[in-house]
Structure formats: structure tokens, C-alpha cells
file input-v8.cif (mmCIF, C-alpha atoms and all ligand atoms)
data_data
#
loop_
_atom_site.group_PDB
_atom_site.id
_atom_site.type_symbol
_atom_site.label_atom_id
_atom_site.label_comp_id
_atom_site.auth_asym_id
_atom_site.auth_seq_id
_atom_site.Cartn_x
_atom_site.Cartn_y
_atom_site.Cartn_z
ATOM 1 C CA MET A 68 -22.789 -26.638 13.383
ATOM 2 C CA GLU A 69 -21.883 -23.585 15.446
ATOM 3 C CA ASN A 70 -22.491 -20.238 13.749
ATOM 4 C CA PHE A 71 -19.068 -18.641 13.993
ATOM 5 C CA LEU A 72 -20.194 -15.373 12.452
ATOM 6 C CA ASN A 73 -22.129 -14.158 15.460
ATOM 7 C CA PHE A 74 -20.636 -10.966 16.912
ATOM 8 C CA THR A 75 -23.218 -10.327 19.633
ATOM 9 C CA ASP A 76 -21.617 -8.441 22.578
ATOM 10 C CA LYS A 77 -18.478 -7.716 20.506
ATOM 11 C CA VAL A 78 -17.164 -4.190 19.940
ATOM 12 C CA ILE A 79 -15.623 -3.752 16.498
ATOM 13 C CA LEU A 80 -13.691 -0.845 15.006
ATOM 14 C CA VAL A 81 -13.641 -0.327 11.227
ATOM 15 C CA THR A 82 -11.482 2.435 9.725
ATOM 16 C CA GLY A 83 -12.156 3.822 6.267
ATOM 17 C CA ALA A 84 -15.801 3.065 6.980
ATOM 18 C CA SER A 85 -17.444 5.829 4.933
ATOM 19 C CA SER A 86 -17.425 3.864 1.662
ATOM 20 C CA GLY A 87 -16.407 0.754 -0.238
ATOM 21 C CA ILE A 88 -14.912 -2.216 1.611
ATOM 22 C CA GLY A 89 -14.939 -0.489 5.027
ATOM 23 C CA LEU A 90 -18.624 0.458 4.856
ATOM 24 C CA ALA A 91 -19.663 -3.000 3.601
ATOM 25 C CA THR A 92 -17.670 -4.622 6.419
ATOM 26 C CA ALA A 93 -19.098 -2.307 9.099
ATOM 27 C CA GLN A 94 -22.606 -3.142 7.871
ATOM 28 C CA ALA A 95 -21.824 -6.886 7.869
ATOM 29 C CA PHE A 96 -20.472 -6.780 11.450
ATOM 30 C CA ALA A 97 -23.556 -4.853 12.594
ATOM 31 C CA LYS A 98 -25.907 -7.342 10.915
ATOM 32 C CA ALA A 99 -23.944 -10.154 12.607
ATOM 33 C CA GLY A 100 -24.908 -8.658 15.978
ATOM 34 C CA GLY A 101 -21.796 -6.584 16.719
ATOM 35 C CA THR A 102 -21.495 -3.038 18.036
ATOM 36 C CA VAL A 103 -19.645 -1.252 15.260
ATOM 37 C CA VAL A 104 -17.546 1.899 15.444
ATOM 38 C CA LEU A 105 -17.341 3.511 12.011
ATOM 39 C CA ALA A 106 -14.180 5.644 11.790
ATOM 40 C CA ASP A 107 -13.180 7.875 8.904
ATOM 41 C CA TYR A 108 -12.016 11.408 8.205
ATOM 42 C CA ARG A 109 -15.239 11.957 6.219
ATOM 43 C CA GLU A 110 -17.316 12.621 9.321
ATOM 44 C CA ASP A 111 -20.635 13.571 7.686
ATOM 45 C CA GLU A 112 -20.672 10.318 5.711
ATOM 46 C CA ILE A 113 -19.950 8.033 8.683
ATOM 47 C CA LYS A 114 -22.495 9.861 10.853
ATOM 48 C CA GLU A 115 -25.138 9.224 8.196
ATOM 49 C CA GLU A 116 -24.136 5.565 7.727
ATOM 50 C CA ALA A 117 -24.048 4.931 11.487
ATOM 51 C CA GLN A 118 -27.490 6.537 11.835
ATOM 52 C CA ASN A 119 -28.828 4.336 9.018
ATOM 53 C CA LEU A 120 -27.635 1.266 10.944
ATOM 54 C CA VAL A 121 -29.133 2.494 14.226
ATOM 55 C CA ASP A 122 -32.435 3.282 12.482
ATOM 56 C CA ALA A 123 -32.447 -0.299 11.151
ATOM 57 C CA GLY A 124 -32.111 -1.628 14.718
ATOM 58 C CA TYR A 125 -28.356 -2.286 14.791
ATOM 59 C CA SER A 126 -25.680 -0.912 17.129
ATOM 60 C CA ALA A 127 -23.291 1.632 15.620
ATOM 61 C CA LEU A 128 -21.303 4.759 16.472
ATOM 62 C CA ALA A 129 -19.440 7.193 14.197
ATOM 63 C CA VAL A 130 -16.068 8.545 15.360
ATOM 64 C CA GLY A 131 -14.217 11.022 13.148
ATOM 65 C CA CYS A 132 -10.556 10.116 12.732
ATOM 66 C CA ASP A 133 -7.796 10.866 10.256
ATOM 67 C CA VAL A 134 -5.571 7.788 10.562
ATOM 68 C CA SER A 135 -2.518 9.732 9.425
ATOM 69 C CA GLU A 136 -2.707 11.659 12.738
ATOM 70 C CA GLU A 137 -1.602 9.555 15.726
ATOM 71 C CA LYS A 138 -3.249 11.948 18.222
ATOM 72 C CA GLN A 139 -6.604 11.434 16.504
ATOM 73 C CA ILE A 140 -6.200 7.659 16.751
ATOM 74 C CA GLU A 141 -5.406 7.933 20.448
ATOM 75 C CA ALA A 142 -8.502 10.114 20.934
ATOM 76 C CA MET A 143 -10.622 7.664 18.944
ATOM 77 C CA MET A 144 -9.535 4.795 21.187
ATOM 78 C CA GLU A 145 -10.300 6.870 24.291
ATOM 79 C CA ARG A 146 -13.789 7.520 22.919
ATOM 80 C CA ILE A 147 -14.373 3.812 22.192
ATOM 81 C CA LEU A 148 -13.211 2.822 25.667
ATOM 82 C CA SER A 149 -15.254 5.501 27.419
ATOM 83 C CA GLU A 150 -18.315 4.392 25.431
ATOM 84 C CA TYR A 151 -17.945 0.594 25.594
ATOM 85 C CA GLY A 152 -14.965 -0.226 27.854
ATOM 86 C CA ARG A 153 -13.449 -2.743 25.435
ATOM 87 C CA LEU A 154 -12.404 -3.490 21.843
ATOM 88 C CA ASP A 155 -12.781 -7.019 20.503
ATOM 89 C CA CYS A 156 -12.030 -6.668 16.798
ATOM 90 C CA ALA A 157 -10.418 -4.053 14.577
ATOM 91 C CA PHE A 158 -10.382 -3.775 10.798
ATOM 92 C CA ASN A 159 -7.625 -1.316 9.821
ATOM 93 C CA ASN A 160 -8.760 -0.568 6.321
ATOM 94 C CA ALA A 161 -8.482 3.175 5.558
ATOM 95 C CA GLY A 162 -6.365 3.743 2.473
ATOM 96 C CA VAL A 163 -5.603 6.000 -0.464
ATOM 97 C CA MET A 164 -4.353 5.258 -3.979
ATOM 98 C CA ALA A 165 -1.175 6.791 -5.370
ATOM 99 C CA HIS A 166 -1.343 9.145 -8.354
ATOM 100 C CA LEU A 167 0.105 7.366 -11.402
ATOM 101 C CA SER A 168 3.737 8.308 -11.892
ATOM 102 C CA PRO A 169 6.931 6.389 -12.709
ATOM 103 C CA MET A 170 9.408 6.392 -9.837
ATOM 104 C CA ALA A 171 11.877 8.838 -11.374
ATOM 105 C CA GLU A 172 9.125 11.454 -11.598
ATOM 106 C CA SER A 173 7.503 10.788 -8.201
ATOM 107 C CA THR A 174 7.632 13.323 -5.354
ATOM 108 C CA ILE A 175 8.291 13.170 -1.621
ATOM 109 C CA GLU A 176 4.913 14.832 -0.993
ATOM 110 C CA GLU A 177 3.107 12.030 -2.827
ATOM 111 C CA TRP A 178 5.216 9.370 -1.077
ATOM 112 C CA ASN A 179 4.355 10.844 2.325
ATOM 113 C CA ARG A 180 0.641 11.236 1.507
ATOM 114 C CA VAL A 181 0.286 7.539 0.678
ATOM 115 C CA ILE A 182 2.609 6.093 3.328
ATOM 116 C CA ASP A 183 1.161 8.287 6.108
ATOM 117 C CA VAL A 184 -2.329 6.811 5.617
ATOM 118 C CA ASN A 185 -1.732 3.291 4.312
ATOM 119 C CA LEU A 186 1.279 2.241 6.385
ATOM 120 C CA ARG A 187 1.856 4.604 9.317
ATOM 121 C CA GLY A 188 -1.917 4.709 9.853
ATOM 122 C CA VAL A 189 -2.092 0.931 10.187
ATOM 123 C CA TRP A 190 0.907 0.923 12.540
ATOM 124 C CA ALA A 191 -0.603 3.643 14.756
ATOM 125 C CA CYS A 192 -4.052 2.027 14.848
ATOM 126 C CA MET A 193 -2.521 -1.320 15.812
ATOM 127 C CA LYS A 194 -0.433 0.308 18.533
ATOM 128 C CA TYR A 195 -3.490 1.593 20.427
ATOM 129 C CA GLU A 196 -5.698 -1.416 19.626
ATOM 130 C CA LEU A 197 -3.020 -3.820 20.907
ATOM 131 C CA GLN A 198 -2.592 -1.834 24.138
ATOM 132 C CA GLN A 199 -6.267 -2.434 24.944
ATOM 133 C CA MET A 200 -6.425 -6.026 23.664
ATOM 134 C CA GLN A 201 -3.378 -6.873 25.798
ATOM 135 C CA LYS A 202 -5.265 -5.691 28.885
ATOM 136 C CA GLN A 203 -8.219 -7.882 27.878
ATOM 137 C CA GLY A 204 -6.068 -10.877 26.921
ATOM 138 C CA SER A 205 -8.061 -11.238 23.720
ATOM 139 C CA GLY A 206 -8.722 -9.637 20.371
ATOM 140 C CA ALA A 207 -8.609 -10.019 16.600
ATOM 141 C CA ILE A 208 -7.133 -7.530 14.142
ATOM 142 C CA VAL A 209 -7.372 -7.579 10.349
ATOM 143 C CA ASN A 210 -5.401 -5.125 8.213
ATOM 144 C CA THR A 211 -6.248 -4.340 4.618
ATOM 145 C CA ALA A 212 -3.237 -5.031 2.429
ATOM 146 C CA SER A 213 -3.768 -5.834 -1.262
ATOM 147 C CA VAL A 214 -2.737 -8.093 -4.109
ATOM 148 C CA GLY A 215 -0.346 -5.156 -4.484
ATOM 149 C CA ALA A 216 1.440 -6.604 -1.444
ATOM 150 C CA LEU A 217 2.348 -9.672 -3.499
ATOM 151 C CA THR A 218 3.783 -8.177 -6.708
ATOM 152 C CA GLY A 219 5.073 -4.912 -8.126
ATOM 153 C CA ASN A 220 2.852 -2.597 -10.186
ATOM 154 C CA PRO A 221 4.261 0.121 -12.477
ATOM 155 C CA GLY A 222 3.303 3.714 -11.643
ATOM 156 C CA ILE A 223 2.136 3.294 -8.027
ATOM 157 C CA GLY A 224 5.342 2.532 -6.143
ATOM 158 C CA SER A 225 4.343 4.251 -2.894
ATOM 159 C CA TYR A 226 1.051 2.331 -2.772
ATOM 160 C CA ILE A 227 2.789 -0.985 -3.493
ATOM 161 C CA ALA A 228 5.443 -0.268 -0.853
ATOM 162 C CA SER A 229 2.762 0.656 1.679
ATOM 163 C CA LYS A 230 0.877 -2.598 1.136
ATOM 164 C CA HIS A 231 4.045 -4.742 1.291
ATOM 165 C CA GLY A 232 4.724 -2.901 4.562
ATOM 166 C CA VAL A 233 1.271 -3.725 5.927
ATOM 167 C CA ILE A 234 2.047 -7.421 5.478
ATOM 168 C CA GLY A 235 5.334 -6.985 7.352
ATOM 169 C CA LEU A 236 3.586 -5.180 10.223
ATOM 170 C CA THR A 237 0.845 -7.822 10.284
ATOM 171 C CA ARG A 238 3.303 -10.707 10.538
ATOM 172 C CA THR A 239 5.369 -8.960 13.213
ATOM 173 C CA ALA A 240 2.402 -8.031 15.401
ATOM 174 C CA ALA A 241 1.011 -11.544 14.933
ATOM 175 C CA LEU A 242 4.217 -13.049 16.315
ATOM 176 C CA GLU A 243 4.479 -10.533 19.143
ATOM 177 C CA TYR A 244 0.918 -11.045 20.469
ATOM 178 C CA ALA A 245 -0.199 -14.575 19.478
ATOM 179 C CA LYS A 246 0.541 -15.962 22.950
ATOM 180 C CA GLN A 247 -1.541 -13.176 24.532
ATOM 181 C CA GLY A 248 -4.767 -14.292 22.856
ATOM 182 C CA ILE A 249 -4.604 -11.695 20.077
ATOM 183 C CA ARG A 250 -4.700 -12.802 16.437
ATOM 184 C CA VAL A 251 -3.455 -10.417 13.738
ATOM 185 C CA ASN A 252 -4.087 -11.146 10.060
ATOM 186 C CA ALA A 253 -4.490 -9.304 6.771
ATOM 187 C CA VAL A 254 -6.774 -9.457 3.778
ATOM 188 C CA ASN A 255 -5.465 -8.969 0.235
ATOM 189 C CA PRO A 256 -8.300 -7.741 -1.986
ATOM 190 C CA GLY A 257 -7.935 -8.013 -5.741
ATOM 191 C CA LEU A 258 -9.895 -5.655 -7.988
ATOM 192 C CA ILE A 259 -12.921 -4.602 -5.926
ATOM 193 C CA ASP A 260 -15.530 -2.243 -7.327
ATOM 194 C CA THR A 261 -14.891 0.875 -5.217
ATOM 195 C CA GLN A 262 -13.543 4.387 -5.674
ATOM 196 C CA ILE A 263 -9.922 3.343 -5.085
ATOM 197 C CA ALA A 264 -10.060 0.776 -7.889
ATOM 198 C CA ARG A 265 -11.328 3.470 -10.256
ATOM 199 C CA ASP A 266 -8.630 5.872 -9.049
ATOM 200 C CA VAL A 267 -5.973 3.509 -10.500
ATOM 201 C CA VAL A 268 -7.220 4.120 -14.045
ATOM 202 C CA GLU A 269 -7.951 7.794 -13.295
ATOM 203 C CA GLY A 270 -11.494 7.730 -14.716
ATOM 204 C CA ASP A 271 -10.790 5.623 -17.840
ATOM 205 C CA GLU A 272 -13.873 3.340 -17.809
ATOM 206 C CA ASP A 273 -12.627 1.253 -20.783
ATOM 207 C CA ALA A 274 -9.380 0.541 -18.947
ATOM 208 C CA TYR A 275 -11.381 -0.348 -15.822
ATOM 209 C CA ALA A 276 -13.610 -2.769 -17.777
ATOM 210 C CA ALA A 277 -10.540 -4.361 -19.377
ATOM 211 C CA ILE A 278 -8.973 -5.035 -15.958
ATOM 212 C CA GLY A 279 -12.275 -6.578 -14.769
ATOM 213 C CA ASP A 280 -12.475 -8.822 -17.858
ATOM 214 C CA GLY A 281 -8.921 -9.961 -17.180
ATOM 215 C CA VAL A 282 -9.771 -11.333 -13.732
ATOM 216 C CA PRO A 283 -10.129 -15.130 -14.023
ATOM 217 C CA ILE A 284 -13.622 -15.045 -12.487
ATOM 218 C CA GLY A 285 -14.556 -12.471 -15.160
ATOM 219 C CA ARG A 286 -15.587 -9.467 -13.045
ATOM 220 C CA PRO A 287 -14.432 -7.120 -10.286
ATOM 221 C CA GLY A 288 -15.258 -8.219 -6.740
ATOM 222 C CA ARG A 289 -17.974 -6.682 -4.598
ATOM 223 C CA PRO A 290 -17.044 -5.013 -1.264
ATOM 224 C CA GLU A 291 -19.272 -7.552 0.511
ATOM 225 C CA GLU A 292 -17.021 -10.342 -0.738
ATOM 226 C CA ILE A 293 -14.111 -8.836 1.217
ATOM 227 C CA ALA A 294 -16.355 -8.237 4.237
ATOM 228 C CA ASN A 295 -17.168 -11.977 4.345
ATOM 229 C CA ALA A 296 -13.454 -12.807 4.580
ATOM 230 C CA VAL A 297 -12.840 -10.176 7.273
ATOM 231 C CA LEU A 298 -15.702 -11.419 9.451
ATOM 232 C CA TRP A 299 -14.373 -14.963 9.203
ATOM 233 C CA LEU A 300 -10.800 -13.885 10.074
ATOM 234 C CA CYS A 301 -12.174 -12.080 13.158
ATOM 235 C CA SER A 302 -14.350 -15.021 14.184
ATOM 236 C CA PRO A 303 -13.622 -18.090 16.337
ATOM 237 C CA GLY A 304 -13.772 -20.067 13.071
ATOM 238 C CA ALA A 305 -10.300 -18.673 12.345
ATOM 239 C CA SER A 306 -8.943 -19.411 15.837
ATOM 240 C CA TYR A 307 -5.755 -21.037 14.458
ATOM 241 C CA VAL A 308 -5.115 -18.455 11.692
ATOM 242 C CA VAL A 309 -2.229 -16.194 12.706
ATOM 243 C CA GLY A 310 -0.197 -13.724 10.641
ATOM 244 C CA HIS A 311 -1.886 -14.749 7.408
ATOM 245 C CA GLY A 312 -2.553 -12.579 4.363
ATOM 246 C CA LEU A 313 -5.825 -13.948 2.942
ATOM 247 C CA THR A 314 -6.014 -13.215 -0.769
ATOM 248 C CA VAL A 315 -9.550 -12.632 -2.092
ATOM 249 C CA ASP A 316 -9.079 -11.786 -5.739
ATOM 250 C CA GLY A 317 -11.240 -13.908 -8.058
ATOM 251 C CA GLY A 318 -8.102 -15.772 -9.103
ATOM 252 C CA MET A 319 -6.140 -12.675 -10.192
ATOM 253 C CA THR A 320 -2.848 -13.839 -8.689
ATOM 254 C CA VAL A 321 -3.269 -17.555 -9.321
ATOM 255 C CA GLY A 322 -1.913 -17.841 -12.897
HETATM 256 N N1 LIG B 1 -10.826 -1.581 -4.326
HETATM 257 C C1 LIG B 1 -9.780 -2.298 -4.611
HETATM 258 O O1 LIG B 1 -9.644 -2.798 -5.736
HETATM 259 C C2 LIG B 1 -8.725 -2.567 -3.559
HETATM 260 C C3 LIG B 1 -7.769 -3.536 -3.822
HETATM 261 C C4 LIG B 1 -6.806 -3.806 -2.865
HETATM 262 C C5 LIG B 1 -6.808 -3.107 -1.670
HETATM 263 N N2 LIG B 1 -7.756 -2.153 -1.443
HETATM 264 C C6 LIG B 1 -7.695 -1.454 -0.165
HETATM 265 O O2 LIG B 1 -8.966 -1.490 0.449
HETATM 266 C C7 LIG B 1 -9.056 -0.410 1.398
HETATM 267 C C8 LIG B 1 -10.416 0.249 1.260
HETATM 268 O O3 LIG B 1 -10.496 0.869 -0.004
HETATM 269 P P1 LIG B 1 -11.811 0.791 -0.908
HETATM 270 O O4 LIG B 1 -11.487 -0.052 -2.079
HETATM 271 O O5 LIG B 1 -12.989 0.453 -0.090
HETATM 272 O O6 LIG B 1 -11.886 2.297 -1.459
HETATM 273 P P2 LIG B 1 -12.657 3.574 -0.861
HETATM 274 O O7 LIG B 1 -12.000 4.746 -1.474
HETATM 275 O O8 LIG B 1 -14.119 3.393 -1.046
HETATM 276 O O9 LIG B 1 -12.366 3.498 0.700
HETATM 277 C C9 LIG B 1 -11.245 4.086 1.327
HETATM 278 C C10 LIG B 1 -11.743 4.678 2.616
HETATM 279 O O10 LIG B 1 -10.640 5.167 3.395
HETATM 280 C C11 LIG B 1 -11.002 6.445 3.907
HETATM 281 N N3 LIG B 1 -9.803 7.224 4.190
HETATM 282 C C12 LIG B 1 -8.879 7.675 3.302
HETATM 283 N N4 LIG B 1 -7.928 8.383 3.937
HETATM 284 C C13 LIG B 1 -8.248 8.347 5.260
HETATM 285 C C14 LIG B 1 -7.640 8.894 6.431
HETATM 286 N N5 LIG B 1 -6.520 9.629 6.361
HETATM 287 N N6 LIG B 1 -8.238 8.662 7.623
HETATM 288 C C15 LIG B 1 -9.392 7.953 7.708
HETATM 289 N N7 LIG B 1 -10.006 7.416 6.632
HETATM 290 C C16 LIG B 1 -9.441 7.616 5.425
HETATM 291 C C17 LIG B 1 -11.865 7.060 2.831
HETATM 292 O O11 LIG B 1 -12.667 8.132 3.301
HETATM 293 C C18 LIG B 1 -12.685 5.864 2.365
HETATM 294 O O12 LIG B 1 -13.857 5.688 3.142
HETATM 295 C C19 LIG B 1 -7.861 0.502 1.125
HETATM 296 O O13 LIG B 1 -6.854 0.264 2.101
HETATM 297 C C20 LIG B 1 -7.378 0.019 -0.242
HETATM 298 O O14 LIG B 1 -6.006 0.268 -0.436
HETATM 299 C C21 LIG B 1 -8.712 -1.867 -2.354
#

call {"tool": "encode", "arguments": {"input": "input-v8.cif", "output": "C-alpha cells"}}
result
Amino acid sequence: MENFLNFTDKVILVTGASSGIGLATAQAFAKAGGTVVLADYREDEIKEEAQNLVDAGYSALAVGCDVSEEKQIEAMMERILSEYGRLDCAFNNAGVMAHLSPMAESTIEEWNRVIDVNLRGVWACMKYELQQMQKQGSGAIVNTASVGALTGNPGIGSYIASKHGVIGLTRTAALEYAKQGIRVNAVNPGLIDTQIARDVVEGDEDAYAAIGDGVPIGRPGRPEEIANAVLWLCSPGASYVVGHGLTVDGGMTVG
């Protein structure tokens, strides 16, 4: 059987690559033979992680980028194209959690902080990625949404709205570009053991453990378990998967 998860000669962008799901996915793409661009606003961290990959014999480049700034995204794409001349896959994954607050007490500053990264950032990244993929006539994009794109969740309205929005953008871009050889999909992680998951409970380890126990599979997910789904969505194995939100949540949303 053909090994679909071979990314040799492919150039792949991963945003939010300094930690958690983004870092695990960048590492997985590199180990699958791809040339990986690690993008994040935490430049020291991505430089170190990219160097670790290069030292291990893989192909990687760090490009600093705050995805809430469209100009920085445009500059990042220019850098990728001047370096490699193409972009085959993009994982738009950078995100922030909302500070817990019921809607009546929430602020416009907090709304903007979350939406600017999680929703406008995904829109702006897709805009420049699609411009290049259109020229190539090929490409695969995966956006990180969330199980929070499927239901409400008290206290984090801006985050929930941003993730519902990511699904809407994913479906729309998928329809707009499917005939041009570009597939756009999303991944919906459940509770994954990263900083953002801990931010929801604001440091309350007992609350965090209780949420993990409540997942049908009995534990939080590992970032690598999301990376596996992202690589498959970007691979030829998913050649007929278009506009889909793939939920990877240990059964959290099944019952
Ligand atoms: N961990 C979970 O349980 C879970 C569940 C559902 C969805 N998600 C989503 O997964 C994605 C990755 O989060 P994670 O769980 O790996 O947490 P994380 O905090 O480890 O990763 C988030 C990454 O995004 C980067 N980032 C934040 N703001 C940025 C900006 N303005 N520009 C560039 N980079 C920025 C951070 O530096 C960090 O590397 C997020 O979109 C998050 O909403 C996580």
C-alpha cells in the first residue's frame, strides 16, 4: 500500500508552532520528509525548535509572525516564496484562549484580542496562502477549530465564536477553491494537553484532571494525536475530503 504520509519535496507552513499542537505537527511534517516553516510570534522559541530539527537532519525554517497583523502575514509569505518558491500545505493553528468571564461582564478589548488571532488571523493566513496555491493549481490547508466550534461553552464566548467562525471560513474557502486543486479542511481538537487547555481552568489542576477523567477515552489527548490527523488531511490519502471539520476528541462530543 502506498505511504500517503510522505511529504518529501513539500513546503509546509505551521502557525502557532512554538508549542503544543503546532510544534508537534511541525515536527511530524519534518519527520515525514517535508520542509517545514515554523511561524509564531515567539521568535526565540521557534528559532530554537527549527534549529533542533535541522540539527537532527530535517528541513526547517523559523519565521517570526504575529497572525493578528496582516502585514506580518504578507511578509511571512514573501519570505517563504523567496526561500522555496512554493507552498504546498498550511496548518493555520495559532490561537489564544479567552479569559473566563460571563458575557455581560466581557469587554471589547478581550473580544478583539481573541477574535484578532483566532479568526481574523486564520482569514488573513488563508488569503495569502490561497493566492499562492491558486498560482500553483494545488495545495492543502487545515485550520485549527475546536470542539468549541460544535457547542457553546459558558465563560469563553469570544473563543467559541472564533472557532465557530473558523468552520465557516473553512467551508467557504473549500467551496471557492475545490475546483482549483486546493483542499481546505479543519481539525476539531478536544481536550489536548497543552498550555491553552490549562488556561481554560486558569491553573486549577483538580479541575483540569476532572475534565480529563470526563473524556470517554479517560485522558486528555496528546498533541501528536492531532498532528496525525493534520498530516492525513494534508496528504493524498484525503484527496476527496473537502470542507470537513475532523473531530479528534477521544469521544468527548459523541454522547
Ligand atoms: N489544547 C486544547 O485542548 C485545544 C482544544 C481545541 C482547540 N485548540 C486549538 O489548538 C491551537 C493550538 O493550541 P495549543 O493547544 O497547541 O496551545 P498552545 O498555547 O501550546 O499553542 C498556541 C500557539 O499559538 C501561538 N500564538 C498565539 N498567539 C499568536 C499570534 N498572535 N501569532 C502567532 N502565534 C501565536 C502561541 O505562541 C503558541 O505557540 C489553538 O488554535 C487552540 O485554540 C486547542

call {"tool": "axis_aligned_box", "arguments": {"input": "input-v8.cif", "around": "range 103-121 of chain A", "padding_each_side": "8 Å", "output": "JSON"}}
result
{"center_x": -20.6, "center_y": 6.2, "center_z": 10.6, "size_x": 33.1, "size_y": 30.8, "size_z": 25.7}

call {"tool": "atom_distance", "arguments": {"input": "input-v8.cif", "atom1": "CA of Lys230 in chain A", "atom2": "CA of Lys98 in chain A"}}
result
28.9 Å

call {"tool": "closest_residue", "arguments": {"input": "input-v8.cif", "among": "A:Gln118, A:Thr92, A:Gln203, A:Ser229", "to": "Gly215 in chain A", "atoms": "only C-alpha atoms"}}
result
A:Ser229

call {"tool": "residues_around", "arguments": {"input": "input-v8.cif", "residues": "range 231-238 of chain A", "least_positions_apart": "2", "cutoff": "8 Å", "atoms": "all atoms listed in the file", "output": "list in words"}}
result
Asn185, Leu186, Val189, Trp190, Asn210, Thr211, Ala212, Gly215, Ala216, Leu217, Ile227, Ala228, Ser229, Ala240, Ala241, Leu242, Val251, Asn252, Ala253, Gly310, His311 and Gly312 of chain A

call {"tool": "residues_near_ligand", "arguments": {"input": "input-v8.cif", "ligand": "ligand LIG 1 (chain B)", "cutoff": "8 Å", "atoms": "all atoms listed in the file", "output": "PyMOL selection string"}}
result
chain A and resi 82-90+106-109+131-136+159-164+183-185+188+211-215+226+230+255-265+287-288+290

call {"tool": "write_last_selection", "arguments": {"input": "input-v8.cif", "atoms": "C-alpha atoms", "output": "mmCIF file, keeping the file's coordinate frame"}}
result
data_model
loop_
_atom_site.group_PDB
_atom_site.id
_atom_site.type_symbol
_atom_site.label_atom_id
_atom_site.label_comp_id
_atom_site.auth_asym_id
_atom_site.auth_seq_id
_atom_site.Cartn_x
_atom_site.Cartn_y
_atom_site.Cartn_z
ATOM 1 C CA THR A 82 -11.482 2.435 9.725
ATOM 2 C CA GLY A 83 -12.156 3.822 6.267
ATOM 3 C CA ALA A 84 -15.801 3.065 6.980
ATOM 4 C CA SER A 85 -17.444 5.829 4.933
ATOM 5 C CA SER A 86 -17.425 3.864 1.662
ATOM 6 C CA GLY A 87 -16.407 0.754 -0.238
ATOM 7 C CA ILE A 88 -14.912 -2.216 1.611
ATOM 8 C CA GLY A 89 -14.939 -0.489 5.027
ATOM 9 C CA LEU A 90 -18.624 0.458 4.856
ATOM 10 C CA ALA A 106 -14.180 5.644 11.790
ATOM 11 C CA ASP A 107 -13.180 7.875 8.904
ATOM 12 C CA TYR A 108 -12.016 11.408 8.205
ATOM 13 C CA ARG A 109 -15.239 11.957 6.219
ATOM 14 C CA GLY A 131 -14.217 11.022 13.148
ATOM 15 C CA CYS A 132 -10.556 10.116 12.732
ATOM 16 C CA ASP A 133 -7.796 10.866 10.256
ATOM 17 C CA VAL A 134 -5.571 7.788 10.562
ATOM 18 C CA SER A 135 -2.518 9.732 9.425
ATOM 19 C CA GLU A 136 -2.707 11.659 12.738
ATOM 20 C CA ASN A 159 -7.625 -1.316 9.821
ATOM 21 C CA ASN A 160 -8.760 -0.568 6.321
ATOM 22 C CA ALA A 161 -8.482 3.175 5.558
ATOM 23 C CA GLY A 162 -6.365 3.743 2.473
ATOM 24 C CA VAL A 163 -5.603 6.000 -0.464
ATOM 25 C CA MET A 164 -4.353 5.258 -3.979
ATOM 26 C CA ASP A 183 1.161 8.287 6.108
ATOM 27 C CA VAL A 184 -2.329 6.811 5.617
ATOM 28 C CA ASN A 185 -1.732 3.291 4.312
ATOM 29 C CA GLY A 188 -1.917 4.709 9.853
ATOM 30 C CA THR A 211 -6.248 -4.340 4.618
ATOM 31 C CA ALA A 212 -3.237 -5.031 2.429
ATOM 32 C CA SER A 213 -3.768 -5.834 -1.262
ATOM 33 C CA VAL A 214 -2.737 -8.093 -4.109
ATOM 34 C CA GLY A 215 -0.346 -5.156 -4.484
ATOM 35 C CA TYR A 226 1.051 2.331 -2.772
ATOM 36 C CA LYS A 230 0.877 -2.598 1.136
ATOM 37 C CA ASN A 255 -5.465 -8.969 0.235
ATOM 38 C CA PRO A 256 -8.300 -7.741 -1.986
ATOM 39 C CA GLY A 257 -7.935 -8.013 -5.741
ATOM 40 C CA LEU A 258 -9.895 -5.655 -7.988
ATOM 41 C CA ILE A 259 -12.921 -4.602 -5.926
ATOM 42 C CA ASP A 260 -15.530 -2.243 -7.327
ATOM 43 C CA THR A 261 -14.891 0.875 -5.217
ATOM 44 C CA GLN A 262 -13.543 4.387 -5.674
ATOM 45 C CA ILE A 263 -9.922 3.343 -5.085
ATOM 46 C CA ALA A 264 -10.060 0.776 -7.889
ATOM 47 C CA ARG A 265 -11.328 3.470 -10.256
ATOM 48 C CA PRO A 287 -14.432 -7.120 -10.286
ATOM 49 C CA GLY A 288 -15.258 -8.219 -6.740
ATOM 50 C CA PRO A 290 -17.044 -5.013 -1.264
#

call {"tool": "atom_distance", "arguments": {"input": "input-v8.cif", "atom1": "CA of Val282 in chain A", "atom2": "CA of His166 in chain A"}}
result
22.8 Å

call {"tool": "closest_residue", "arguments": {"input": "input-v8.cif", "among": "A:Glu137, A:Asp155, A:Glu243, A:Asp280", "to": "Cys301 in chain A", "atoms": "only C-alpha atoms"}}
result
A:Asp155

call {"tool": "atom_distance", "arguments": {"input": "input-v8.cif", "atom1": "CA of Ala277 in chain A", "atom2": "CA of Asp316 in chain A"}}
result
15.6 Å

call {"tool": "closest_residue", "arguments": {"input": "input-v8.cif", "among": "A:Gly270, A:Gly279, A:Gly222, A:Gly204", "to": "Gly248 in chain A", "atoms": "all atoms listed in the file"}}
result
A:Gly204

call {"tool": "resolve_selection", "arguments": {"input": "input-v8.cif", "expression": "the PyMOL selection byres (((chain A and resi 199) around 12) and not hetatm)", "output": "NGL selection string"}}
result
:A and (141 or 144-145 or 147-148 or 152-157 or 192-198 or 200-208 or 247 or 249)

call {"tool": "resolve_selection", "arguments": {"input": "input-v8.cif", "expression": "the PyMOL selection byres (((chain A and resi 127) around 6) and not hetatm)", "output": "JSON, numbers by chain"}}
result
{"A": [102, 103, 104, 117, 126, 128]}

call {"tool": "closest_residue", "arguments": {"input": "input-v8.cif", "among": "A:Met319, A:Ile113, A:Leu105, A:Ala129", "to": "Arg286 in chain A", "atoms": "all atoms listed in the file"}}
result
A:Met319

call {"tool": "decode", "arguments": {"input": "input-v8.cif", "residues": "range 179-186 of chain A", "atoms": "N, CA and C atoms", "output": "compact mmCIF listing (two decimals), in the first residue's frame"}}
result
# COMPACT_ATOMS: atom_id res chain seq x y z
N ASN A 179 -11.73 41.56 21.05
CA ASN A 179 -10.81 41.82 19.94
C ASN A 179 -9.54 40.98 20.04
N ARG A 180 -9.01 40.83 21.26
CA ARG A 180 -7.77 40.06 21.44
C ARG A 180 -7.94 38.63 20.90
N VAL A 181 -9.07 38.02 21.24
CA VAL A 181 -9.29 36.62 20.85
C VAL A 181 -9.65 36.52 19.36
N ILE A 182 -10.56 37.35 18.91
CA ILE A 182 -11.00 37.28 17.51
C ILE A 182 -9.85 37.63 16.56
N ASP A 183 -9.04 38.62 16.93
CA ASP A 183 -7.95 39.06 16.04
C ASP A 183 -6.97 37.93 15.74
N VAL A 184 -6.70 37.08 16.72
CA VAL A 184 -5.77 35.95 16.49
C VAL A 184 -6.52 34.76 15.90
N ASN A 185 -7.57 34.32 16.58
CA ASN A 185 -8.19 33.02 16.25
C ASN A 185 -9.00 33.05 14.96
N LEU A 186 -9.62 34.18 14.65
CA LEU A 186 -10.50 34.21 13.47
C LEU A 186 -9.91 35.08 12.35
